[in-house]
file input14.cif (mmCIF, C-alpha atoms and all ligand atoms)
data_model
loop_
_atom_site.label_atom_id
_atom_site.label_comp_id
_atom_site.auth_asym_id
_atom_site.auth_seq_id
_atom_site.Cartn_x
_atom_site.Cartn_y
_atom_site.Cartn_z
CA MET A 1459 -16.94 -5.18 -16.06
CA SER A 1460 -19.19 -4.74 -19.11
CA ASN A 1461 -19.04 -1.81 -21.55
CA THR A 1462 -22.32 -0.53 -20.14
CA GLU A 1463 -20.90 -0.59 -16.62
CA PHE A 1464 -17.80 1.32 -17.76
CA GLU A 1465 -20.04 3.86 -19.53
CA ALA A 1466 -22.09 4.38 -16.36
CA LEU A 1467 -18.94 4.72 -14.25
CA ASN A 1468 -17.42 7.22 -16.67
CA GLN A 1469 -20.64 9.21 -16.92
CA ARG A 1470 -20.82 9.60 -13.17
CA TYR A 1471 -17.16 9.90 -12.16
CA ALA A 1472 -14.86 10.64 -15.14
CA ILE A 1473 -13.33 14.12 -15.17
CA PRO A 1474 -11.60 15.26 -18.39
CA GLY A 1475 -7.95 16.06 -17.76
CA HIS A 1476 -8.06 14.03 -14.52
CA VAL A 1477 -9.60 10.58 -14.47
CA GLN A 1478 -11.28 7.98 -16.66
CA PHE A 1479 -12.26 4.36 -16.14
CA LYS A 1480 -11.29 1.55 -18.51
CA GLU A 1481 -10.17 -2.05 -18.74
CA GLY A 1482 -6.60 -2.62 -17.53
CA PRO A 1483 -4.20 -5.58 -17.35
CA GLY A 1484 -5.87 -9.01 -16.99
CA GLY A 1485 -9.24 -7.39 -17.68
CA LEU A 1486 -9.24 -5.61 -14.31
CA ALA A 1487 -11.16 -2.33 -14.17
CA ILE A 1488 -8.87 0.63 -13.57
CA ALA A 1489 -9.07 4.31 -12.79
CA GLU A 1490 -6.55 5.99 -15.05
CA ILE A 1491 -5.49 9.28 -13.55
CA ALA A 1492 -3.47 11.81 -15.55
CA ASN A 1493 -3.36 15.46 -14.55
CA SER A 1494 -0.86 18.30 -14.96
CA LEU A 1495 1.09 17.10 -11.89
CA ALA A 1496 1.26 13.31 -12.08
CA GLU A 1497 -0.08 10.04 -13.42
CA SER A 1498 -1.47 7.06 -11.53
CA THR A 1499 -3.35 3.85 -12.20
CA ILE A 1500 -5.62 2.35 -9.56
CA THR A 1501 -7.46 -0.97 -9.94
CA LEU A 1502 -10.99 -1.22 -8.54
CA GLN A 1503 -10.06 -4.66 -7.27
CA GLY A 1504 -8.30 -3.90 -4.01
CA ALA A 1505 -8.44 -0.09 -4.58
CA HIS A 1506 -4.87 -0.85 -5.47
CA ALA A 1507 -2.63 1.97 -6.74
CA MET A 1508 -0.32 0.24 -9.22
CA ALA A 1509 1.58 3.33 -10.35
CA TRP A 1510 2.30 6.89 -9.35
CA GLN A 1511 4.65 9.06 -11.34
CA PRO A 1512 4.95 12.79 -10.72
CA ARG A 1513 5.72 14.65 -13.98
CA GLY A 1514 9.46 14.77 -14.69
CA GLN A 1515 10.22 11.89 -12.28
CA GLU A 1516 10.96 8.19 -12.71
CA PRO A 1517 8.08 5.98 -11.44
CA VAL A 1518 7.96 6.07 -7.63
CA LEU A 1519 6.07 2.82 -7.13
CA TRP A 1520 7.53 -0.54 -8.12
CA LEU A 1521 5.30 -2.96 -10.02
CA SER A 1522 6.52 -6.43 -10.91
CA ARG A 1523 6.75 -7.12 -14.63
CA PHE A 1524 5.92 -10.73 -13.77
CA GLY A 1525 2.86 -9.98 -11.62
CA LYS A 1526 -0.48 -11.73 -11.98
CA PHE A 1527 -3.41 -9.55 -12.89
CA ALA A 1528 -6.52 -11.63 -12.37
CA PRO A 1529 -9.75 -11.47 -10.41
CA GLY A 1530 -9.16 -12.46 -6.78
CA LYS A 1531 -5.33 -12.43 -7.05
CA SER A 1532 -3.20 -9.89 -5.20
CA ILE A 1533 -0.97 -7.73 -7.35
CA ARG A 1534 2.79 -7.76 -6.73
CA GLY A 1535 3.73 -4.10 -6.43
CA GLY A 1536 2.11 -0.70 -6.02
CA VAL A 1537 0.15 -0.15 -2.82
CA PRO A 1538 -1.69 -3.29 -1.68
CA ILE A 1539 -4.13 -2.55 1.13
CA CYS A 1540 -3.69 -4.99 4.03
CA TRP A 1541 -6.90 -4.95 6.09
CA PRO A 1542 -8.50 -5.92 8.51
CA TRP A 1543 -5.47 -7.86 9.68
CA PHE A 1544 -1.77 -7.73 8.86
CA GLY A 1545 0.21 -10.92 8.11
CA PRO A 1546 -1.35 -14.26 8.98
CA HIS A 1547 -4.75 -14.20 10.73
CA ALA A 1548 -4.20 -14.55 14.51
CA GLU A 1549 -6.59 -17.50 14.98
CA ASP A 1550 -7.33 -19.04 11.60
CA ALA A 1551 -4.38 -19.90 9.33
CA LYS A 1552 -6.79 -20.69 6.45
CA LEU A 1553 -7.78 -17.04 6.11
CA PRO A 1554 -5.78 -15.01 3.57
CA GLY A 1555 -2.54 -13.40 4.75
CA HIS A 1556 -2.80 -9.59 5.04
CA GLY A 1557 -6.63 -9.78 5.01
CA PHE A 1558 -9.06 -9.74 2.11
CA ALA A 1559 -9.19 -6.03 1.22
CA ARG A 1560 -6.52 -6.31 -1.47
CA THR A 1561 -8.33 -9.00 -3.45
CA VAL A 1562 -12.00 -7.91 -3.28
CA MET A 1563 -13.82 -5.31 -5.33
CA TRP A 1564 -14.14 -1.72 -4.17
CA GLU A 1565 -16.57 0.82 -5.64
CA VAL A 1566 -15.90 4.40 -6.65
CA LEU A 1567 -17.75 6.80 -4.35
CA GLU A 1568 -16.38 10.18 -5.41
CA THR A 1569 -13.93 11.92 -7.74
CA GLN A 1570 -12.77 15.52 -7.59
CA ALA A 1571 -10.46 17.83 -9.50
CA GLN A 1572 -8.69 19.85 -6.83
CA PRO A 1573 -7.84 23.57 -7.23
CA ASN A 1574 -4.07 22.82 -7.10
CA GLY A 1575 -4.38 20.44 -10.06
CA ALA A 1576 -4.41 17.17 -8.08
CA THR A 1577 -7.07 14.47 -8.53
CA PHE A 1578 -8.98 13.03 -5.60
CA ILE A 1579 -10.74 9.66 -5.69
CA ARG A 1580 -12.59 7.82 -2.92
CA PHE A 1581 -13.35 4.09 -2.90
CA GLY A 1582 -15.51 1.95 -0.60
CA LEU A 1583 -14.89 -1.75 0.04
CA ILE A 1584 -17.87 -3.78 -1.19
CA GLU A 1585 -19.07 -6.15 1.51
CA THR A 1586 -20.20 -9.59 0.43
CA ASP A 1587 -21.19 -12.79 2.25
CA ALA A 1588 -17.56 -13.90 1.82
CA THR A 1589 -16.13 -10.76 3.48
CA ARG A 1590 -18.72 -10.90 6.29
CA ALA A 1591 -17.81 -14.56 6.94
CA GLN A 1592 -14.17 -13.53 7.45
CA TRP A 1593 -14.89 -10.31 9.31
CA PRO A 1594 -18.17 -10.44 11.21
CA HIS A 1595 -17.94 -6.87 12.56
CA PRO A 1596 -20.28 -4.14 11.30
CA SER A 1597 -17.82 -1.70 9.74
CA SER A 1598 -16.93 0.22 6.64
CA ALA A 1599 -13.58 0.63 4.92
CA GLN A 1600 -12.88 3.48 2.54
CA LEU A 1601 -9.75 4.53 0.69
CA ARG A 1602 -9.10 8.16 -0.18
CA VAL A 1603 -6.35 8.78 -2.70
CA THR A 1604 -5.00 12.16 -3.83
CA VAL A 1605 -2.76 12.10 -6.88
CA GLY A 1606 -0.59 15.19 -7.34
CA THR A 1607 3.01 16.19 -6.68
CA GLU A 1608 2.45 14.08 -3.54
CA LEU A 1609 0.61 10.80 -3.32
CA LYS A 1610 -1.70 10.82 -0.33
CA VAL A 1611 -3.39 7.55 0.65
CA GLU A 1612 -5.83 7.33 3.56
CA LEU A 1613 -7.46 4.12 4.74
CA VAL A 1614 -10.53 4.93 6.81
CA THR A 1615 -12.07 2.30 9.09
CA ARG A 1616 -15.42 3.06 10.74
CA ASN A 1617 -17.04 0.94 13.40
CA THR A 1618 -20.76 0.96 12.54
CA GLY A 1619 -21.66 -1.60 15.21
CA SER A 1620 -22.09 -1.53 18.97
CA THR A 1621 -18.97 -3.41 20.14
CA PRO A 1622 -15.30 -2.48 19.77
CA PHE A 1623 -13.09 -4.38 17.30
CA GLN A 1624 -9.37 -4.57 16.62
CA ILE A 1625 -7.72 -4.13 13.25
CA GLY A 1626 -4.25 -4.70 11.84
CA GLU A 1627 -3.53 -2.84 8.61
CA ALA A 1628 -0.90 -1.60 6.20
CA LEU A 1629 -0.43 0.51 3.13
CA HIS A 1630 2.01 -2.10 1.84
CA THR A 1631 3.87 0.26 -0.50
CA TYR A 1632 6.47 -1.11 -2.95
CA PHE A 1633 8.95 1.62 -3.92
CA HIS A 1634 10.94 1.69 -7.13
CA ILE A 1635 14.65 2.20 -6.46
CA SER A 1636 17.68 2.22 -8.77
CA ASP A 1637 19.38 -0.71 -7.03
CA VAL A 1638 19.10 -2.04 -3.51
CA ALA A 1639 22.89 -1.64 -3.14
CA ASP A 1640 22.61 2.13 -3.76
CA MET A 1641 19.90 2.72 -1.21
CA ALA A 1642 19.52 3.40 2.52
CA ILE A 1643 16.45 4.05 4.64
CA ARG A 1644 16.62 6.71 7.34
CA GLY A 1645 14.17 7.63 10.08
CA LEU A 1646 14.05 4.40 12.07
CA GLU A 1647 17.39 4.73 13.90
CA GLY A 1648 17.06 3.61 17.53
CA CYS A 1649 13.66 2.05 16.91
CA ALA A 1650 12.65 -1.38 18.30
CA PHE A 1651 11.70 -3.95 15.67
CA LEU A 1652 10.54 -7.49 15.28
CA ASP A 1653 12.81 -9.45 12.98
CA LYS A 1654 10.63 -11.93 11.04
CA VAL A 1655 13.34 -13.42 8.80
CA GLY A 1656 13.31 -17.21 8.98
CA GLY A 1657 9.81 -17.20 10.47
CA GLY A 1658 11.04 -16.01 13.88
CA SER A 1659 10.05 -12.95 15.84
CA ILE A 1660 13.16 -11.70 17.60
CA ARG A 1661 13.08 -8.21 19.08
CA LYS A 1662 16.02 -5.98 18.16
CA THR A 1663 16.94 -2.30 18.00
CA GLN A 1664 17.85 -0.51 14.79
CA GLN A 1665 21.41 0.81 14.75
CA GLY A 1666 21.95 3.55 12.15
CA PRO A 1667 20.23 3.73 8.77
CA ILE A 1668 18.85 0.54 7.17
CA VAL A 1669 20.94 -0.99 4.41
CA ILE A 1670 19.75 -4.15 2.69
CA GLU A 1671 22.26 -6.89 1.84
CA SER A 1672 20.10 -9.98 2.44
CA GLU A 1673 16.45 -10.80 3.15
CA VAL A 1674 14.83 -8.15 5.36
CA ASP A 1675 11.41 -8.56 6.98
CA ARG A 1676 10.94 -6.24 9.95
CA VAL A 1677 8.09 -4.65 11.82
CA TYR A 1678 9.32 -1.43 13.46
CA LEU A 1679 7.13 -0.65 16.46
CA ASP A 1680 5.90 2.50 18.17
CA THR A 1681 7.22 4.89 15.55
CA GLU A 1682 5.58 7.82 13.81
CA ALA A 1683 8.76 9.16 12.23
CA ASP A 1684 9.01 10.08 8.56
CA CYS A 1685 10.96 7.50 6.57
CA LEU A 1686 13.41 8.56 3.89
CA ILE A 1687 14.50 6.24 1.11
CA GLU A 1688 17.80 7.68 0.00
CA ASP A 1689 18.47 6.51 -3.56
CA ARG A 1690 21.97 7.46 -4.70
CA GLY A 1691 21.43 5.88 -8.14
CA LEU A 1692 18.37 7.99 -8.97
CA LYS A 1693 19.79 10.95 -6.98
CA ARG A 1694 16.52 11.33 -5.16
CA GLN A 1695 15.00 10.75 -1.78
CA ILE A 1696 11.48 9.41 -1.26
CA ARG A 1697 9.81 10.73 1.89
CA ILE A 1698 7.00 8.79 3.57
CA ALA A 1699 5.15 10.83 6.18
CA THR A 1700 2.39 9.14 8.14
CA ARG A 1701 -0.51 9.78 10.49
CA GLY A 1702 -2.41 7.18 12.45
CA SER A 1703 0.43 4.71 11.84
CA ARG A 1704 2.44 3.34 14.77
CA SER A 1705 4.35 0.61 12.87
CA THR A 1706 6.57 0.67 9.80
CA VAL A 1707 7.29 -2.57 7.96
CA VAL A 1708 10.46 -2.83 5.88
CA TRP A 1709 10.63 -5.77 3.50
CA ASN A 1710 12.83 -7.08 0.73
CA PRO A 1711 12.57 -10.83 -0.04
CA TRP A 1712 16.08 -11.08 -1.52
CA ILE A 1713 17.03 -13.86 -3.97
CA GLU A 1714 15.65 -17.18 -2.72
CA LYS A 1715 12.33 -15.96 -1.37
CA ALA A 1716 11.69 -13.86 -4.48
CA GLU A 1717 12.37 -16.94 -6.66
CA LYS A 1718 9.88 -19.00 -4.64
CA MET A 1719 7.21 -16.33 -4.92
CA GLY A 1720 7.14 -16.70 -8.68
CA ASP A 1721 5.87 -13.19 -9.46
CA PHE A 1722 9.02 -11.15 -8.81
CA GLY A 1723 11.12 -12.02 -11.84
CA PRO A 1724 14.81 -12.95 -11.62
CA GLU A 1725 16.24 -9.57 -10.56
CA GLY A 1726 13.03 -7.92 -9.34
CA TYR A 1727 14.11 -7.77 -5.69
CA ARG A 1728 17.04 -5.48 -6.61
CA GLY A 1729 14.82 -2.65 -7.85
CA MET A 1730 12.34 -2.51 -4.98
CA VAL A 1731 11.90 -2.03 -1.28
CA CYS A 1732 8.68 -2.07 0.73
CA VAL A 1733 8.28 0.60 3.38
CA GLU A 1734 4.82 -0.02 4.75
CA SER A 1735 2.85 2.43 6.86
CA ALA A 1736 1.09 0.09 9.23
CA ASN A 1737 -0.47 -0.81 12.56
CA ALA A 1738 0.68 -4.33 13.33
CA VAL A 1739 1.65 -6.68 16.18
CA ASP A 1740 1.73 -4.51 19.39
CA ASN A 1741 0.23 -1.61 17.46
CA VAL A 1742 -3.09 -3.10 16.28
CA VAL A 1743 -5.84 -0.50 16.65
CA THR A 1744 -9.06 -0.77 18.66
CA VAL A 1745 -11.93 1.02 16.93
CA LEU A 1746 -14.77 1.92 19.29
CA PRO A 1747 -18.44 1.86 18.26
CA GLY A 1748 -19.26 4.91 16.14
CA ALA A 1749 -15.56 5.84 15.88
CA GLU A 1750 -13.33 6.17 12.85
CA HIS A 1751 -9.64 5.40 12.48
CA VAL A 1752 -7.54 6.84 9.65
CA LEU A 1753 -4.22 5.41 8.49
CA GLN A 1754 -2.52 7.97 6.27
CA ALA A 1755 0.67 8.01 4.21
CA VAL A 1756 1.92 10.95 2.18
CA VAL A 1757 4.68 10.13 -0.29
CA SER A 1758 6.83 12.81 -1.88
CA VAL A 1759 10.09 12.98 -3.81
CA GLU A 1760 13.02 15.27 -3.08
CA ALA A 1761 16.33 15.78 -4.89
CA LEU A 1762 19.26 14.22 -3.11
CA ALA A 1763 21.93 16.78 -2.32
CA GLY A 1764 25.45 15.98 -3.57
C1 LIG B 1 5.33 -8.13 4.23
C2 LIG B 1 5.51 -9.20 5.28
O1 LIG B 1 4.54 -7.10 4.75
O2 LIG B 1 4.65 -8.70 3.11
C3 LIG B 1 6.27 -10.37 4.70
O3 LIG B 1 6.19 -8.63 6.42
C4 LIG B 1 5.57 -10.90 3.46
O4 LIG B 1 6.40 -11.39 5.68
C5 LIG B 1 5.36 -9.75 2.49
O5 LIG B 1 6.34 -11.93 2.87
C6 LIG B 1 4.62 -10.15 1.20
O6 LIG B 1 3.41 -10.72 1.51
P1 LIG B 1 2.49 -11.30 0.35
O7 LIG B 1 1.32 -11.95 1.08
O8 LIG B 1 2.05 -10.13 -0.48
O9 LIG B 1 3.32 -12.26 -0.43
#

call {"tool": "encode", "arguments": {"input": "input14.cif", "output": "structure tokens"}}
result
Amino acid sequence: MSNTEFEALNQRYAIPGHVQFKEGPGGLAIAEIANSLAESTITLQGAHAMAWQPRGQEPVLWLSRFGKFAPGKSIRGGVPICWPWFGPHAEDAKLPGHGFARTVMWEVLETQAQPNGATFIRFGLIETDATRAQWPHPSSAQLRVTVGTELKVELVTRNTGSTPFQIGEALHTYFHISDVADMAIRGLEGCAFLDKVGGGSIRKTQQGPIVIESEVDRVYLDTEADCLIEDRGLKRQIRIATRGSRSTVVWNPWIEKAEKMGDFGPEGYRGMVCVESANAVDNVVTVLPGAEHVLQAVVSVEALAG
């Protein structure tokens, strides 16, 4: 983005004490949000929140120190937006995994300083011939983000055409944790899940809280429960509350897979876990003509008792 474009963006949407636009890592344009409650950085490519840190807290989102920041490349960490499909495309393996939303440009449509001190920003996915070739359905995708003591992320899909379509989607959030050995995830006890480790898709049922001691890649189905990441090392608990989300994906690549990925770093997998608010597999969503579907996640941090 040129200096003139940044100037125009700042003139229209910057708010002192809340948000400004500048060049970020790899030359990507970013919204830098800093208010009295929290800080966050969101790239315009992918409308991708890379960081969120409430004042007085350790970072809540994990971002790889070895990530690639370049036009058209997905960022390893933060909140990638998977849309309009989750995982591999159902019919065409050549299309990008998790859809194209995370690697295309989004535009800023609105910014707002909220009375409680939070900052609100709304993005719209920019359609191009390339996106239309992959997704030939008249539609619009917007992302609404509120940065405060909570991080609220809402992915809004509108069907602007005259025939229904189906979407898969995820707010593929990477959480920063002290160490995977000091962590458990609660909220999915008794839930059915699809175990994707090893490329399979075996259906199982979750017994007790989730502890991670090897590669984990699971799609929990038909659940709207809050998830709690209990982090004994950081003595805190991250709560993920959702709306419009029927699946939760839990992912940690562990040693070998992280090494193969090349953008995790040697010990990266130990300090992260993905808990993704999603609609995937059995839970893909049909959006009717003229209708809107909202996938929402609200992340907050609580002290861990004891
Ligand atoms: C998770 C999937 O959501 O994302 C995993 O369940 C996948 O199978 C992971 O490996 C990371 O995907 P990507 O495309 O960002 O490397």

call {"tool": "closest_atom_pairs", "arguments": {"input": "input14.cif", "of": "chain A", "to": "ligand LIG 1 (chain B)", "cutoff": "8 Å", "atoms": "all atoms listed in the file", "output": "tab-separated table"}}
result
residue	atom	partner	partner_atom	distance
A:Ser1532	CA	B:LIG1	O8	7.1
A:Ile1533	CA	B:LIG1	O8	7.9
A:Arg1534	CA	B:LIG1	O8	6.7
A:Pro1538	CA	B:LIG1	O8	7.9
A:Phe1544	CA	B:LIG1	O1	7.6
A:Gly1545	CA	B:LIG1	C2	6.2
A:Gly1555	CA	B:LIG1	O7	5.5
A:His1556	CA	B:LIG1	O7	6.2
A:Ala1628	CA	B:LIG1	O1	7.9
A:His1630	CA	B:LIG1	O1	6.3
A:Lys1654	CA	B:LIG1	O4	6.8
A:Val1655	CA	B:LIG1	O4	7.9
A:Asp1675	CA	B:LIG1	O3	5.3
A:Arg1676	CA	B:LIG1	O3	6.4
A:Val1677	CA	B:LIG1	O3	7.0
A:Val1707	CA	B:LIG1	O1	6.2
A:Val1708	CA	B:LIG1	O3	7.2
A:Trp1709	CA	B:LIG1	C1	5.8
A:Pro1711	CA	B:LIG1	O5	7.0
A:Met1719	CA	B:LIG1	O9	7.2
A:Cys1732	CA	B:LIG1	O1	7.7
A:Glu1734	CA	B:LIG1	O1	7.1

call {"tool": "residues_around", "arguments": {"input": "input14.cif", "residues": "A:Arg1523", "least_positions_apart": "4", "cutoff": "12 Å", "atoms": "all atoms listed in the file", "output": "PyMOL selection string"}}
result
chain A and resi 1483+1508+1527+1533-1536+1720-1727+1729

call {"tool": "write_last_selection", "arguments": {"input": "input14.cif", "atoms": "C-alpha atoms", "output": "PDB file, in the frame of the given file"}}
result
ATOM      1  CA  PRO A1483      -4.200  -5.580 -17.350  1.00  0.00           C
ATOM      2  CA  MET A1508      -0.320   0.240  -9.220  1.00  0.00           C
ATOM      3  CA  PHE A1527      -3.410  -9.550 -12.890  1.00  0.00           C
ATOM      4  CA  ILE A1533      -0.970  -7.730  -7.350  1.00  0.00           C
ATOM      5  CA  ARG A1534       2.790  -7.760  -6.730  1.00  0.00           C
ATOM      6  CA  GLY A1535       3.730  -4.100  -6.430  1.00  0.00           C
ATOM      7  CA  GLY A1536       2.110  -0.700  -6.020  1.00  0.00           C
ATOM      8  CA  GLY A1720       7.140 -16.700  -8.680  1.00  0.00           C
ATOM      9  CA  ASP A1721       5.870 -13.190  -9.460  1.00  0.00           C
ATOM     10  CA  PHE A1722       9.020 -11.150  -8.810  1.00  0.00           C
ATOM     11  CA  GLY A1723      11.120 -12.020 -11.840  1.00  0.00           C
ATOM     12  CA  PRO A1724      14.810 -12.950 -11.620  1.00  0.00           C
ATOM     13  CA  GLU A1725      16.240  -9.570 -10.560  1.00  0.00           C
ATOM     14  CA  GLY A1726      13.030  -7.920  -9.340  1.00  0.00           C
ATOM     15  CA  TYR A1727      14.110  -7.770  -5.690  1.00  0.00           C
ATOM     16  CA  GLY A1729      14.820  -2.650  -7.850  1.00  0.00           C
TER      17      GLY A1729
END

call {"tool": "atom_distance", "arguments": {"input": "input14.cif", "atom1": "atom CA of A:Val1562", "atom2": "atom CA of A:Ile1584"}}
result
7.5 Å

call {"tool": "closest_residue", "arguments": {"input": "input14.cif", "among": "A:Ile1625, A:Ser1522, A:Leu1567, A:Val1752", "to": "A:Cys1540", "atoms": "all atoms listed in the file"}}
result
A:Ile1625

call {"tool": "closest_residue", "arguments": {"input": "input14.cif", "among": "A:Gly1475, A:Gly1582, A:Gly1648, A:Gly1702", "to": "A:Thr1663", "atoms": "only C-alpha atoms"}}
result
A:Gly1648

call {"tool": "residues_around", "arguments": {"input": "input14.cif", "residues": "stretch 1498-1501 of chain A", "least_positions_apart": "5", "cutoff": "8 Å", "atoms": "all atoms listed in the file", "output": "VMD selection string"}}
result
chain A and resid 1482 1486 to 1492 1506 to 1511 1605

call {"tool": "write_last_selection", "arguments": {"input": "input14.cif", "atoms": "C-alpha atoms", "output": "PDB file, in the frame of the given file"}}
result
ATOM      1  CA  GLY A1482      -6.600  -2.620 -17.530  1.00  0.00           C
ATOM      2  CA  LEU A1486      -9.240  -5.610 -14.310  1.00  0.00           C
ATOM      3  CA  ALA A1487     -11.160  -2.330 -14.170  1.00  0.00           C
ATOM      4  CA  ILE A1488      -8.870   0.630 -13.570  1.00  0.00           C
ATOM      5  CA  ALA A1489      -9.070   4.310 -12.790  1.00  0.00           C
ATOM      6  CA  GLU A1490      -6.550   5.990 -15.050  1.00  0.00           C
ATOM      7  CA  ILE A1491      -5.490   9.280 -13.550  1.00  0.00           C
ATOM      8  CA  ALA A1492      -3.470  11.810 -15.550  1.00  0.00           C
ATOM      9  CA  HIS A1506      -4.870  -0.850  -5.470  1.00  0.00           C
ATOM     10  CA  ALA A1507      -2.630   1.970  -6.740  1.00  0.00           C
ATOM     11  CA  MET A1508      -0.320   0.240  -9.220  1.00  0.00           C
ATOM     12  CA  ALA A1509       1.580   3.330 -10.350  1.00  0.00           C
ATOM     13  CA  TRP A1510       2.300   6.890  -9.350  1.00  0.00           C
ATOM     14  CA  GLN A1511       4.650   9.060 -11.340  1.00  0.00           C
ATOM     15  CA  VAL A1605      -2.760  12.100  -6.880  1.00  0.00           C
TER      16      VAL A1605
END

call {"tool": "atom_distance", "arguments": {"input": "input14.cif", "atom1": "atom CA of A:Leu1609", "atom2": "atom CA of A:Pro1474"}}
result
19.9 Å

call {"tool": "residues_around", "arguments": {"input": "input14.cif", "residues": "A:Phe1633", "least_positions_apart": "2", "cutoff": "8 Å", "atoms": "all atoms listed in the file", "output": "count of residues only"}}
result
10

call {"tool": "atom_distance", "arguments": {"input": "input14.cif", "atom1": "atom CA of A:Val1477", "atom2": "atom CA of A:Asp1684"}}
result
29.6 Å

call {"tool": "build_atoms", "arguments": {"input": "input14.cif", "residues": "stretch 1690-1707 of chain A", "atoms": "N, CA and C atoms", "output": "compact mmCIF listing (two decimals), in the coordinates of the input"}}
result
# COMPACT_ATOMS: atom_id res chain seq x y z
N ARG A 1690 20.82 6.77 -4.09
CA ARG A 1690 21.97 7.46 -4.70
C ARG A 1690 21.98 7.28 -6.21
N GLY A 1691 21.47 6.14 -6.69
CA GLY A 1691 21.43 5.88 -8.14
C GLY A 1691 20.51 6.85 -8.86
N LEU A 1692 19.33 7.07 -8.33
CA LEU A 1692 18.37 7.99 -8.97
C LEU A 1692 18.52 9.42 -8.45
N LYS A 1693 19.51 9.62 -7.55
CA LYS A 1693 19.79 10.95 -6.98
C LYS A 1693 18.51 11.59 -6.43
N ARG A 1694 17.73 10.77 -5.75
CA ARG A 1694 16.52 11.33 -5.16
C ARG A 1694 16.25 10.65 -3.81
N GLN A 1695 15.38 11.26 -3.08
CA GLN A 1695 15.00 10.75 -1.78
C GLN A 1695 13.47 10.70 -1.73
N ILE A 1696 12.93 9.54 -1.38
CA ILE A 1696 11.48 9.41 -1.26
C ILE A 1696 11.14 9.58 0.21
N ARG A 1697 10.22 10.49 0.50
CA ARG A 1697 9.81 10.73 1.89
C ARG A 1697 8.44 10.12 2.13
N ILE A 1698 8.30 9.36 3.20
CA ILE A 1698 7.00 8.79 3.57
C ILE A 1698 6.64 9.37 4.92
N ALA A 1699 5.61 10.21 4.93
CA ALA A 1699 5.15 10.83 6.18
C ALA A 1699 3.80 10.19 6.53
N THR A 1700 3.61 9.87 7.79
CA THR A 1700 2.39 9.14 8.14
C THR A 1700 1.61 9.84 9.25
N ARG A 1701 0.35 9.44 9.34
CA ARG A 1701 -0.51 9.78 10.49
C ARG A 1701 -1.32 8.56 10.81
N GLY A 1702 -1.58 8.34 12.08
CA GLY A 1702 -2.41 7.18 12.45
C GLY A 1702 -1.70 5.86 12.21
N SER A 1703 -0.38 5.92 12.08
CA SER A 1703 0.43 4.71 11.84
C SER A 1703 1.48 4.61 12.93
N ARG A 1704 1.47 3.51 13.67
CA ARG A 1704 2.44 3.34 14.77
C ARG A 1704 3.52 2.31 14.42
N SER A 1705 3.34 1.60 13.29
CA SER A 1705 4.35 0.61 12.87
C SER A 1705 4.82 0.94 11.44
N THR A 1706 6.07 0.59 11.17
CA THR A 1706 6.57 0.67 9.80
C THR A 1706 7.19 -0.69 9.47
N VAL A 1707 6.76 -1.27 8.36
CA VAL A 1707 7.29 -2.57 7.96
C VAL A 1707 8.28 -2.34 6.83
